[in-house]
>>> print(open('run-v5.txt').read())   # compact mmCIF, C-alpha atoms
# COMPACT_ATOMS: atom_id res chain seq x y z
CA MET A 1 12.18 -116.86 116.55
CA ARG A 2 8.45 -117.34 116.89
CA GLY A 3 7.28 -115.81 120.12
CA GLU A 4 10.07 -113.22 120.28
CA ILE A 5 9.79 -109.47 120.14
CA VAL A 6 12.66 -107.26 119.12
CA GLY A 7 13.99 -105.76 122.32
CA TYR A 8 13.13 -108.90 124.32
CA LYS A 9 15.44 -111.22 122.42
CA GLU A 10 16.68 -114.08 124.56
CA GLU A 11 17.26 -116.92 122.11
CA GLU A 12 18.96 -117.58 118.78
CA ASP A 13 17.33 -115.68 115.90
CA TYR A 14 15.74 -118.00 113.38
CA LYS A 15 12.33 -118.66 111.87
CA THR A 16 10.42 -121.88 111.91
CA GLU A 17 8.52 -123.14 108.90
CA GLU A 18 5.31 -122.38 110.78
CA GLU A 19 6.35 -118.75 111.31
CA GLU A 20 7.33 -118.37 107.65
CA GLU A 21 3.90 -119.66 106.67
CA GLU A 22 2.17 -117.16 108.95
CA ARG A 23 4.27 -114.25 107.72
CA GLU A 24 3.51 -115.16 104.13
CA LEU A 25 -0.19 -115.33 104.92
CA VAL A 26 -0.24 -111.99 106.70
CA GLY A 27 2.31 -110.05 104.67
CA GLY A 28 1.35 -111.38 101.28
CA GLY A 29 -2.40 -111.53 101.76
CA LEU A 30 -4.61 -114.27 103.19
CA PRO A 31 -5.63 -117.15 100.91
CA GLU A 32 -9.00 -116.60 99.31
CA SER A 33 -10.22 -120.08 100.27
CA LYS A 34 -10.06 -119.32 103.98
CA LYS A 35 -10.33 -116.07 105.93
CA PHE A 36 -8.21 -116.23 109.07
CA VAL A 37 -8.67 -114.17 112.19
CA VAL A 38 -5.24 -112.59 112.58
CA VAL A 39 -4.13 -111.78 116.12
CA GLY A 40 -1.00 -109.67 116.37
CA TYR A 41 0.68 -110.08 119.74
CA ALA A 42 3.21 -107.95 121.60
CA LEU A 43 4.27 -109.87 124.68
CA THR A 44 7.46 -110.44 126.61
CA SER A 45 9.24 -113.72 125.94
CA LYS A 46 8.17 -114.94 129.39
CA LYS A 47 4.52 -114.23 128.61
CA VAL A 48 4.80 -115.87 125.20
CA LYS A 49 6.12 -119.05 126.82
CA SER A 50 3.37 -119.25 129.44
CA PHE A 51 0.45 -118.15 127.27
CA LEU A 52 1.12 -119.20 123.67
CA GLN A 53 1.43 -122.88 124.43
CA PRO A 54 1.30 -125.43 121.58
CA LYS A 55 -2.16 -126.63 122.59
CA LEU A 56 -3.55 -123.09 122.34
CA GLU A 57 -1.91 -122.42 118.97
CA GLY A 58 -3.06 -125.77 117.59
CA LEU A 59 -6.66 -125.23 118.67
CA ALA A 60 -6.57 -121.66 117.37
CA ARG A 61 -5.39 -122.83 113.93
CA SER A 62 -8.16 -125.40 113.77
CA LYS A 63 -10.64 -122.57 114.40
CA GLY A 64 -9.07 -120.27 111.81
CA ILE A 65 -7.07 -118.06 114.18
CA LEU A 66 -3.44 -117.10 113.53
CA PHE A 67 -1.15 -115.61 116.18
CA VAL A 68 1.50 -113.37 114.62
CA ALA A 69 4.34 -111.69 116.50
CA ILE A 70 4.50 -107.90 116.26
CA ASP A 71 7.97 -106.63 115.36
CA GLN A 72 8.71 -103.59 117.51
CA SER A 73 11.54 -102.52 115.22
CA LYS A 74 8.97 -101.73 112.50
CA PRO A 75 6.01 -99.31 112.47
CA LEU A 76 2.91 -101.07 113.78
CA SER A 77 0.80 -99.63 110.95
CA ASP A 78 3.04 -101.35 108.40
CA GLN A 79 2.33 -104.79 109.87
CA GLY A 80 -0.69 -107.04 109.58
CA PRO A 81 -3.41 -106.47 108.66
CA PHE A 82 -4.63 -107.52 112.10
CA ASP A 83 -8.14 -108.18 113.34
CA ILE A 84 -7.02 -108.08 116.97
CA VAL A 85 -3.93 -106.76 118.76
CA LEU A 86 -3.10 -108.58 122.00
CA HIS A 87 -0.49 -106.94 124.20
CA LYS A 88 1.14 -106.73 127.59
CA LEU A 89 4.17 -104.49 127.37
CA SER A 90 5.06 -101.57 129.59
CA GLY A 91 6.46 -98.14 128.87
CA SER A 92 5.10 -94.78 127.73
CA LYS A 93 6.52 -95.21 124.22
CA TRP A 94 4.54 -98.41 123.64
CA ARG A 95 1.38 -96.80 125.02
CA ARG A 96 1.73 -93.90 122.57
CA ILE A 97 2.23 -96.30 119.67
CA LEU A 98 -0.91 -98.23 120.61
CA GLU A 99 -3.03 -95.12 121.09
CA GLU A 100 -2.01 -93.78 117.68
CA TYR A 101 -2.70 -97.18 116.13
CA ARG A 102 -6.18 -97.29 117.68
CA LEU A 103 -7.00 -93.89 116.19
CA THR A 104 -5.83 -94.83 112.69
CA HIS A 105 -7.20 -98.40 112.79
CA PRO A 106 -10.63 -98.16 114.47
CA ASP A 107 -11.70 -101.54 113.06
CA VAL A 108 -8.93 -103.37 114.94
CA THR A 109 -9.76 -104.55 118.48
CA VAL A 110 -6.95 -103.70 120.89
CA LEU A 111 -6.87 -105.85 124.04
CA ASP A 112 -6.95 -103.80 126.13
CA PRO A 113 -6.91 -99.96 125.96
CA PRO A 114 -3.58 -98.74 127.42
CA ASP A 115 -5.16 -96.06 129.63
CA ALA A 116 -7.51 -98.59 131.22
CA ILE A 117 -4.62 -100.92 131.95
CA GLN A 118 -2.67 -98.19 133.74
CA GLN A 119 -5.31 -97.90 136.45
CA VAL A 120 -4.85 -101.47 137.64
CA TYR A 121 -1.06 -101.10 137.56
CA ASN A 122 -1.32 -98.64 140.46
CA ARG A 123 -2.56 -100.12 143.72
CA GLN A 124 -3.61 -96.71 144.99
CA TYR A 125 -6.43 -96.67 142.44
CA MET A 126 -6.76 -100.35 141.55
CA LEU A 127 -9.56 -101.20 143.97
CA GLU A 128 -11.46 -97.89 143.78
CA ASP A 129 -14.07 -99.25 141.40
CA VAL A 130 -14.72 -102.24 143.66
CA ALA A 131 -15.12 -99.93 146.66
CA ASP A 132 -17.41 -97.58 144.74
CA LEU A 133 -19.47 -100.53 143.55
CA ASN A 134 -20.19 -101.63 147.14
CA LEU A 135 -21.80 -104.77 145.74
CA SER A 136 -24.33 -106.37 148.03
CA ASP A 137 -27.18 -108.72 147.17
CA THR A 138 -28.81 -111.94 148.34
CA TYR A 139 -25.67 -113.91 147.39
CA GLY A 140 -23.24 -111.88 149.47
CA LYS A 141 -21.38 -108.63 149.92
CA VAL A 142 -18.14 -107.66 148.15
CA GLY A 143 -15.81 -104.97 149.46
CA VAL A 144 -12.11 -104.16 149.74
CA PRO A 145 -9.79 -104.21 152.77
CA ARG A 146 -9.16 -100.91 154.51
CA GLN A 147 -5.95 -99.51 153.11
CA LEU A 148 -3.48 -96.65 153.31
CA VAL A 149 -0.98 -95.32 150.76
CA ILE A 150 2.53 -94.47 151.96
CA GLU A 151 4.58 -92.70 149.29
CA LYS A 152 7.74 -91.96 151.30
CA ASP A 153 9.32 -91.69 154.77
CA SER A 154 9.09 -95.09 156.43
CA SER A 155 9.51 -93.53 159.87
CA SER A 156 6.05 -91.95 159.51
CA ILE A 157 4.30 -95.28 158.91
CA PRO A 158 3.46 -96.20 162.55
CA ASP A 159 1.78 -92.83 163.17
CA ALA A 160 -0.04 -92.94 159.82
CA VAL A 161 -1.36 -96.43 160.59
CA GLY A 162 -2.48 -95.29 164.03
CA LYS A 163 -4.30 -92.24 162.66
CA ALA A 164 -6.01 -94.37 160.00
CA ASP A 165 -6.95 -96.87 162.74
CA LEU A 166 -5.73 -99.84 160.71
CA ARG A 167 -5.58 -103.09 162.67
CA LEU A 168 -2.50 -105.30 162.83
CA PRO A 169 -1.24 -107.37 161.16
CA ILE A 170 -0.71 -105.22 158.08
CA VAL A 171 -0.11 -106.44 154.53
CA ALA A 172 2.33 -104.22 152.63
CA LYS A 173 2.41 -104.29 148.82
CA PRO A 174 4.47 -102.27 146.33
CA LEU A 175 2.51 -99.31 144.96
CA ALA A 176 3.30 -100.44 141.42
CA ALA A 177 1.31 -103.62 140.78
CA LYS A 178 3.95 -105.09 138.48
CA SER A 179 5.44 -106.86 141.51
CA HIS A 180 3.62 -109.65 143.36
CA GLU A 181 5.86 -109.46 146.41
CA LEU A 182 4.33 -108.57 149.75
CA SER A 183 5.28 -108.22 153.39
CA LEU A 184 3.35 -108.93 156.56
CA ALA A 185 4.05 -106.67 159.55
CA TYR A 186 3.01 -108.12 162.93
CA ASP A 187 3.70 -105.16 165.20
CA LYS A 188 3.62 -101.37 165.08
CA PHE A 189 7.37 -100.93 165.61
CA SER A 190 8.22 -103.17 162.64
CA LEU A 191 6.23 -100.95 160.28
CA GLN A 192 9.28 -98.68 160.10
CA MET A 193 11.18 -101.52 158.38
CA LEU A 194 8.91 -101.30 155.32
CA GLU A 195 10.13 -99.52 152.20
CA PRO A 196 7.77 -97.01 150.50
CA PRO A 197 6.09 -96.39 148.12
CA LEU A 198 3.58 -98.90 149.47
CA VAL A 199 -0.05 -99.72 149.91
CA LEU A 200 -0.85 -101.01 153.39
CA GLN A 201 -3.92 -103.22 153.81
CA GLU A 202 -5.49 -104.74 156.88
CA PHE A 203 -4.93 -108.50 156.90
CA ILE A 204 -8.20 -110.42 156.99
CA ASN A 205 -8.25 -114.03 158.17
CA HIS A 206 -9.71 -116.13 155.35
CA GLY A 207 -8.96 -119.76 156.12
CA GLY A 208 -5.78 -119.71 154.05
CA ILE A 209 -7.76 -119.97 150.79
CA LEU A 210 -7.89 -117.43 147.99
CA PHE A 211 -10.25 -117.52 144.99
CA LYS A 212 -8.75 -116.53 141.65
CA VAL A 213 -11.51 -115.31 139.37
CA TYR A 214 -10.39 -115.21 135.74
CA ILE A 215 -12.34 -112.99 133.34
CA VAL A 216 -12.06 -113.43 129.57
CA GLY A 217 -14.67 -111.20 128.00
CA GLU A 218 -17.97 -112.45 129.38
CA ALA A 219 -16.52 -115.79 130.51
CA VAL A 220 -15.83 -116.21 134.23
CA LYS A 221 -13.74 -119.05 135.68
CA VAL A 222 -12.83 -119.45 139.35
CA VAL A 223 -10.18 -121.65 140.98
CA ARG A 224 -8.96 -122.10 144.56
CA ARG A 225 -5.42 -121.33 145.65
CA PHE A 226 -3.70 -121.73 148.99
CA SER A 227 -2.94 -118.36 150.52
CA LEU A 228 -1.38 -116.92 153.67
CA PRO A 229 -2.49 -118.78 156.82
CA ASP A 230 -4.75 -117.22 159.43
CA ILE A 231 -3.08 -115.29 162.24
CA SER A 232 -4.32 -115.55 165.83
CA LYS A 233 -3.94 -112.87 168.50
CA ARG A 234 -1.46 -115.12 170.27
CA GLU A 235 0.71 -115.45 167.15
CA LEU A 236 0.49 -111.71 166.66
CA SER A 237 1.92 -111.05 170.11
CA LYS A 238 4.67 -113.67 169.88
CA ASN A 239 5.98 -112.98 166.38
CA PRO A 240 7.15 -109.38 166.09
CA GLY A 241 8.80 -108.35 162.85
CA VAL A 242 8.20 -108.20 159.13
CA PHE A 243 7.80 -111.38 157.10
CA ARG A 244 8.30 -111.23 153.34
CA PHE A 245 6.60 -113.40 150.72
CA PRO A 246 7.38 -113.56 146.98
CA ARG A 247 3.63 -113.77 146.21
CA VAL A 248 0.39 -114.81 147.89
CA SER A 249 -0.42 -117.75 145.64
CA CYS A 250 1.03 -119.72 142.77
CA ALA A 251 0.03 -122.52 140.40
CA ALA A 252 1.83 -125.10 142.52
CA ALA A 253 -0.38 -124.13 145.44
CA SER A 254 -3.64 -125.17 143.81
CA ALA A 255 -6.29 -126.05 146.37
CA ASP A 256 -8.92 -127.37 143.96
CA GLU A 257 -8.30 -131.00 144.92
CA ALA A 258 -7.63 -130.37 148.61
CA ASP A 259 -9.88 -131.77 151.33
CA LEU A 260 -11.13 -128.49 152.77
CA ASP A 261 -13.72 -127.53 155.34
CA PRO A 262 -16.77 -126.53 153.25
CA SER A 263 -17.03 -123.25 155.13
CA VAL A 264 -13.56 -122.38 153.84
CA GLY A 265 -13.36 -124.07 150.44
CA GLU A 266 -16.85 -123.46 149.04
CA LEU A 267 -16.62 -121.32 145.91
CA PRO A 268 -18.33 -117.91 145.94
CA PRO A 269 -21.84 -118.04 144.38
CA ARG A 270 -21.61 -117.89 140.60
CA PRO A 271 -24.34 -115.21 140.23
CA LEU A 272 -22.35 -112.97 142.56
CA LEU A 273 -19.14 -113.46 140.58
CA GLU A 274 -20.87 -112.88 137.24
CA LYS A 275 -22.46 -109.68 138.51
CA LEU A 276 -19.13 -108.48 139.89
CA ALA A 277 -17.28 -109.32 136.67
CA LYS A 278 -19.88 -107.57 134.53
CA GLU A 279 -19.75 -104.38 136.59
CA LEU A 280 -15.95 -104.30 136.68
CA ARG A 281 -15.66 -104.93 132.93
CA ARG A 282 -17.76 -101.83 132.41
CA ARG A 283 -16.08 -99.68 135.05
CA LEU A 284 -12.49 -100.70 134.31
CA GLY A 285 -12.88 -100.84 130.53
CA LEU A 286 -11.00 -104.17 130.50
CA ARG A 287 -11.85 -107.60 129.11
CA LEU A 288 -8.79 -109.56 130.21
CA PHE A 289 -8.14 -109.56 133.95
CA ASN A 290 -8.51 -111.54 137.13
CA LEU A 291 -9.58 -110.86 140.68
CA ASP A 292 -8.03 -112.22 143.86
CA ILE A 293 -10.93 -112.69 146.28
CA ILE A 294 -11.04 -113.93 149.87
CA ARG A 295 -13.96 -114.83 152.15
CA GLU A 296 -13.67 -113.51 155.70
CA LEU A 297 -13.21 -116.39 158.13
CA GLY A 298 -16.36 -117.15 160.11
CA THR A 299 -18.70 -115.62 157.54
CA LYS A 300 -20.64 -117.24 154.72
CA ASP A 301 -21.04 -114.30 152.41
CA ARG A 302 -18.52 -111.55 153.23
CA TYR A 303 -15.97 -111.26 150.40
CA TYR A 304 -13.03 -108.94 149.74
CA VAL A 305 -11.23 -108.20 146.48
CA ILE A 306 -7.58 -107.84 147.44
CA ASP A 307 -5.94 -107.55 144.00
CA ILE A 308 -6.71 -107.09 140.30
CA ASN A 309 -4.32 -108.26 137.58
CA TYR A 310 -4.42 -107.36 133.89
CA PHE A 311 -3.84 -110.23 131.41
CA PRO A 312 -2.99 -112.73 134.18
CA GLY A 313 -1.44 -116.18 133.79
CA TYR A 314 -4.23 -117.74 131.77
CA GLY A 315 -2.04 -120.77 131.15
CA LYS A 316 -2.86 -121.78 134.74
CA MET A 317 -6.61 -121.54 134.13
CA PRO A 318 -8.35 -124.85 133.32
CA GLU A 319 -9.57 -125.06 129.70
CA TYR A 320 -8.14 -121.65 128.90
CA GLU A 321 -7.45 -122.66 125.29
CA HIS A 322 -11.14 -123.16 124.49
CA ILE A 323 -12.29 -120.15 126.50
CA PHE A 324 -9.76 -117.81 124.91
CA THR A 325 -10.24 -118.89 121.31
CA ASP A 326 -14.03 -118.66 121.66
CA PHE A 327 -13.55 -115.15 123.05
CA LEU A 328 -11.38 -114.08 120.10
CA LEU A 329 -13.94 -115.40 117.61
CA SER A 330 -16.75 -113.60 119.44
CA LEU A 331 -14.90 -110.28 119.08
CA VAL A 332 -14.75 -110.70 115.31
CA LYS A 333 -18.38 -111.78 115.14
CA GLN A 334 -19.46 -108.65 117.03
CA LYS A 335 -17.93 -106.48 114.30
CA GLN A 336 -19.74 -108.26 111.47
>>> encode(input="run-v5.txt", output="C-alpha cells")
Amino acid sequence: MRGEIVGYKEEEDYKTEEEEEERELVGGGLPESKKFVVVGYALTSKKVKSFLQPKLEGLARSKGILFVAIDQSKPLSDQGPFDIVLHKLSGSKWRRILEEYRLTHPDVTVLDPPDAIQQVYNRQYMLEDVADLNLSDTYGKVGVPRQLVIEKDSSSIPDAVGKADLRLPIVAKPLAAKSHELSLAYDKFSLQMLEPPLVLQEFINHGGILFKVYIVGEAVKVVRRFSLPDISKRELSKNPGVFRFPRVSCAAASADEADLDPSVGELPPRPLLEKLAKELRRRLGLRLFNLDIIRELGTKDRYYVIDINYFPGYGKMPEYEHIFTDFLLSLVKQKQ
C-alpha cells in the first residue's frame, strides 16, 4: 500500500491507481513532456500518516514533485532514479545502506546524513553545539540548562547531583532521544527512583510556555505550546516524589490562540531565531529539525534550548505543505 515500507507493514497489501502511476513513472522512465522531482521516502507507517497527508501530496504534484515509497526488500541502488531521498528510520543496517548509497549516488540529496542525525539522537551530545555557540547579541542570549549524564546505578544519583551542584527540581530524560517521556524529581531522596541511563537537567521556570522552532532548510517557523507549569519553592517542599509525563508538549496543547501575559507569550525575536537556526544548520549538518526553546521566567531575553528533534512532526506546523515543497524544489535548483 502507498505509504508502507516492507518491514513496517500494518495494513492490507495492495496498490492504488495513484501508486501504480508513480511506479510506472519512476521505474519506466519519466515522461518527456514533464520532468518530475522524484523524492524517495523511507519512513515508518506512523510517520507516513502524519507527514504525507493528502494536502501535501496534492500540492507537491501540482509543483511537479512525486513522493515514491522506498522498498526495503530491494537494493536501494536498483530503485528510482531519485533526486532526493527523505528518511527517518533507525538501525545500523539502514545507516550503512544510506552511506553506501550516498557514495555511489553523489548527485542525490539525502535528507539528512545518517551520522549527523545520530548526534541529536543522544541527549549527552545533543545540546553541545548550542552550548559551544554561546549565542548572545542585542536580541537576547541563548544557552542550555545545566545537565548531568547518569549511565547506571540509580543509588549514586543524589550524590552526583550534589557534586554537580544542580538545583531541584530536576528534569530527567532518557539518554536516547527517541523517547519523549520525562520525569520531574522534586526532592533529593526521590532521585534514586529514576532509572538510568538518563540526562538530568535543572528545571527552569518559564511561564508554562514552550516555543517550538521548526527548521526546514533556511525556513524558520515558530509556534507556542503549553509546557510544564512553574514550580514555586513552596510546591517544591510540599510535593516530594517523582512525577512522570509522556511528553512536554503536544499538538493539542497549542498556545497560539491563548490569552497570555505578553511577558510570557511573546515570541523570541525573529533575528535571534534565524541566527540560531543558521549556526545550528552548519554545526549539526542537518536541514530538517526543530528546537524546543523556553524563556526564563522574569527575563525578557534569556532563552534556553532544552531539546532538538530530527525530522519532527511537520504536520503540526502551520503551512508546512508550502514550506516543505518550496524547500524540495530549492534543493533541486541548487544542483542545476
>>> residues_around(input="run-v5.txt", residues="Arg123 in chain A", least_positions_apart="6", cutoff="8 Å", atoms="all atoms listed in the file", output="PyMOL selection string")
chain A and resi 174-177+199
>>> closest_atom_pairs(input="run-v5.txt", of="range 192-229 of chain A", to="range 260-280 of chain A", cutoff="9 Å", atoms="all atoms listed in the file", output="CSV")
residue,atom,partner,partner_atom,distance
A:His206,CA,A:Val264,CA,7.5
A:Gly207,CA,A:Val264,CA,5.8
A:Gly208,CA,A:Val264,CA,8.2
A:Ile209,CA,A:Gly265,CA,6.9
A:Leu210,CA,A:Gly265,CA,8.9
A:Phe211,CA,A:Leu267,CA,7.5
A:Val213,CA,A:Leu273,CA,7.9
A:Ile215,CA,A:Ala277,CA,7.0
A:Glu218,CA,A:Lys278,CA,7.3
A:Ala219,CA,A:Glu274,CA,8.5
A:Val220,CA,A:Glu274,CA,6.7
A:Val222,CA,A:Leu267,CA,7.8
A:Val223,CA,A:Leu267,CA,8.1
A:Arg224,CA,A:Gly265,CA,7.6
>>> write_last_selection(input="run-v5.txt", atoms="C-alpha atoms", output="compact mmCIF listing (two decimals), in the coordinates of the input")
# COMPACT_ATOMS: atom_id res chain seq x y z
CA HIS A 206 -9.71 -116.13 155.35
CA GLY A 207 -8.96 -119.76 156.12
CA GLY A 208 -5.78 -119.71 154.05
CA ILE A 209 -7.76 -119.97 150.79
CA LEU A 210 -7.89 -117.43 147.99
CA PHE A 211 -10.25 -117.52 144.99
CA VAL A 213 -11.51 -115.31 139.37
CA ILE A 215 -12.34 -112.99 133.34
CA GLU A 218 -17.97 -112.45 129.38
CA ALA A 219 -16.52 -115.79 130.51
CA VAL A 220 -15.83 -116.21 134.23
CA VAL A 222 -12.83 -119.45 139.35
CA VAL A 223 -10.18 -121.65 140.98
CA ARG A 224 -8.96 -122.10 144.56
>>> atom_distance(input="run-v5.txt", atom1="CA of Lys173 in chain A", atom2="CA of Arg283 in chain A")
23.5 Å
>>> closest_atom_pairs(input="run-v5.txt", of="range 267-317 of chain A", to="range 87-107 of chain A", cutoff="10 Å", atoms="all atoms listed in the file", output="tab-separated table")
residue	atom	partner	partner_atom	distance
A:Tyr310	CA	A:Lys88	CA	8.4
A:Phe311	CA	A:Lys88	CA	7.2
A:Pro312	CA	A:Lys88	CA	9.8
>>> atom_distance(input="run-v5.txt", atom1="CA of Val108 in chain A", atom2="CA of Gly285 in chain A")
16.3 Å
>>> atom_distance(input="run-v5.txt", atom1="CA of Glu195 in chain A", atom2="CA of Leu297 in chain A")
29.4 Å
>>> build_atoms(input="run-v5.txt", residues="range 206-235 of chain A", atoms="N, CA and C atoms", output="compact mmCIF listing (two decimals), in the coordinates of the input")
# COMPACT_ATOMS: atom_id res chain seq x y z
N HIS A 206 -8.83 -115.60 156.41
CA HIS A 206 -9.71 -116.13 155.35
C HIS A 206 -9.54 -117.63 155.14
N GLY A 207 -9.09 -118.31 156.21
CA GLY A 207 -8.96 -119.76 156.12
C GLY A 207 -7.82 -120.24 155.26
N GLY A 208 -6.93 -119.33 154.87
CA GLY A 208 -5.78 -119.71 154.05
C GLY A 208 -6.14 -120.08 152.62
N ILE A 209 -7.32 -119.66 152.16
CA ILE A 209 -7.76 -119.97 150.79
C ILE A 209 -8.12 -118.67 150.07
N LEU A 210 -7.62 -118.57 148.86
CA LEU A 210 -7.89 -117.43 147.99
C LEU A 210 -8.59 -117.93 146.73
N PHE A 211 -9.54 -117.16 146.22
CA PHE A 211 -10.25 -117.52 144.99
C PHE A 211 -9.75 -116.62 143.85
N LYS A 212 -9.18 -117.27 142.84
CA LYS A 212 -8.75 -116.53 141.65
C LYS A 212 -9.88 -116.58 140.63
N VAL A 213 -10.39 -115.41 140.30
CA VAL A 213 -11.51 -115.31 139.37
C VAL A 213 -10.98 -114.75 138.06
N TYR A 214 -10.90 -115.61 137.05
CA TYR A 214 -10.39 -115.21 135.74
C TYR A 214 -11.55 -114.69 134.88
N ILE A 215 -11.34 -113.55 134.24
CA ILE A 215 -12.34 -112.99 133.34
C ILE A 215 -11.74 -112.91 131.94
N VAL A 216 -12.44 -113.50 130.98
CA VAL A 216 -12.06 -113.43 129.57
C VAL A 216 -13.31 -112.99 128.82
N GLY A 217 -13.43 -111.69 128.58
CA GLY A 217 -14.67 -111.20 128.00
C GLY A 217 -15.81 -111.44 128.97
N GLU A 218 -16.83 -112.16 128.52
CA GLU A 218 -17.97 -112.45 129.38
C GLU A 218 -17.81 -113.77 130.13
N ALA A 219 -16.76 -114.52 129.83
CA ALA A 219 -16.52 -115.79 130.51
C ALA A 219 -15.88 -115.56 131.88
N VAL A 220 -16.34 -116.32 132.86
CA VAL A 220 -15.83 -116.21 134.23
C VAL A 220 -15.45 -117.61 134.72
N LYS A 221 -14.22 -117.76 135.18
CA LYS A 221 -13.74 -119.05 135.68
C LYS A 221 -13.06 -118.83 137.03
N VAL A 222 -13.41 -119.63 138.02
CA VAL A 222 -12.83 -119.45 139.35
C VAL A 222 -12.12 -120.72 139.81
N VAL A 223 -10.95 -120.54 140.43
CA VAL A 223 -10.18 -121.65 140.98
C VAL A 223 -9.74 -121.29 142.39
N ARG A 224 -9.44 -122.32 143.19
CA ARG A 224 -8.96 -122.10 144.56
C ARG A 224 -7.44 -122.13 144.57
N ARG A 225 -6.87 -121.32 145.42
CA ARG A 225 -5.42 -121.33 145.65
C ARG A 225 -5.16 -121.24 147.15
N PHE A 226 -4.12 -121.93 147.61
CA PHE A 226 -3.70 -121.73 148.99
C PHE A 226 -3.12 -120.34 149.13
N SER A 227 -3.36 -119.74 150.27
CA SER A 227 -2.94 -118.36 150.52
C SER A 227 -2.19 -118.29 151.84
N LEU A 228 -2.02 -117.08 152.37
CA LEU A 228 -1.38 -116.92 153.67
C LEU A 228 -2.27 -117.52 154.76
N PRO A 229 -1.68 -118.17 155.75
CA PRO A 229 -2.49 -118.78 156.82
C PRO A 229 -3.10 -117.72 157.73
N ASP A 230 -4.13 -118.13 158.47
CA ASP A 230 -4.75 -117.22 159.43
C ASP A 230 -3.75 -116.89 160.55
N ILE A 231 -3.96 -115.74 161.17
CA ILE A 231 -3.08 -115.29 162.24
C ILE A 231 -3.92 -115.03 163.49
N SER A 232 -3.59 -115.72 164.57
CA SER A 232 -4.32 -115.55 165.83
C SER A 232 -3.72 -114.40 166.63
N LYS A 233 -4.45 -113.95 167.63
CA LYS A 233 -3.94 -112.87 168.50
C LYS A 233 -2.68 -113.33 169.23
N ARG A 234 -2.64 -114.60 169.58
CA ARG A 234 -1.46 -115.12 170.27
C ARG A 234 -0.23 -115.08 169.35
N GLU A 235 -0.40 -115.50 168.11
CA GLU A 235 0.71 -115.45 167.15
C GLU A 235 1.15 -114.02 166.91
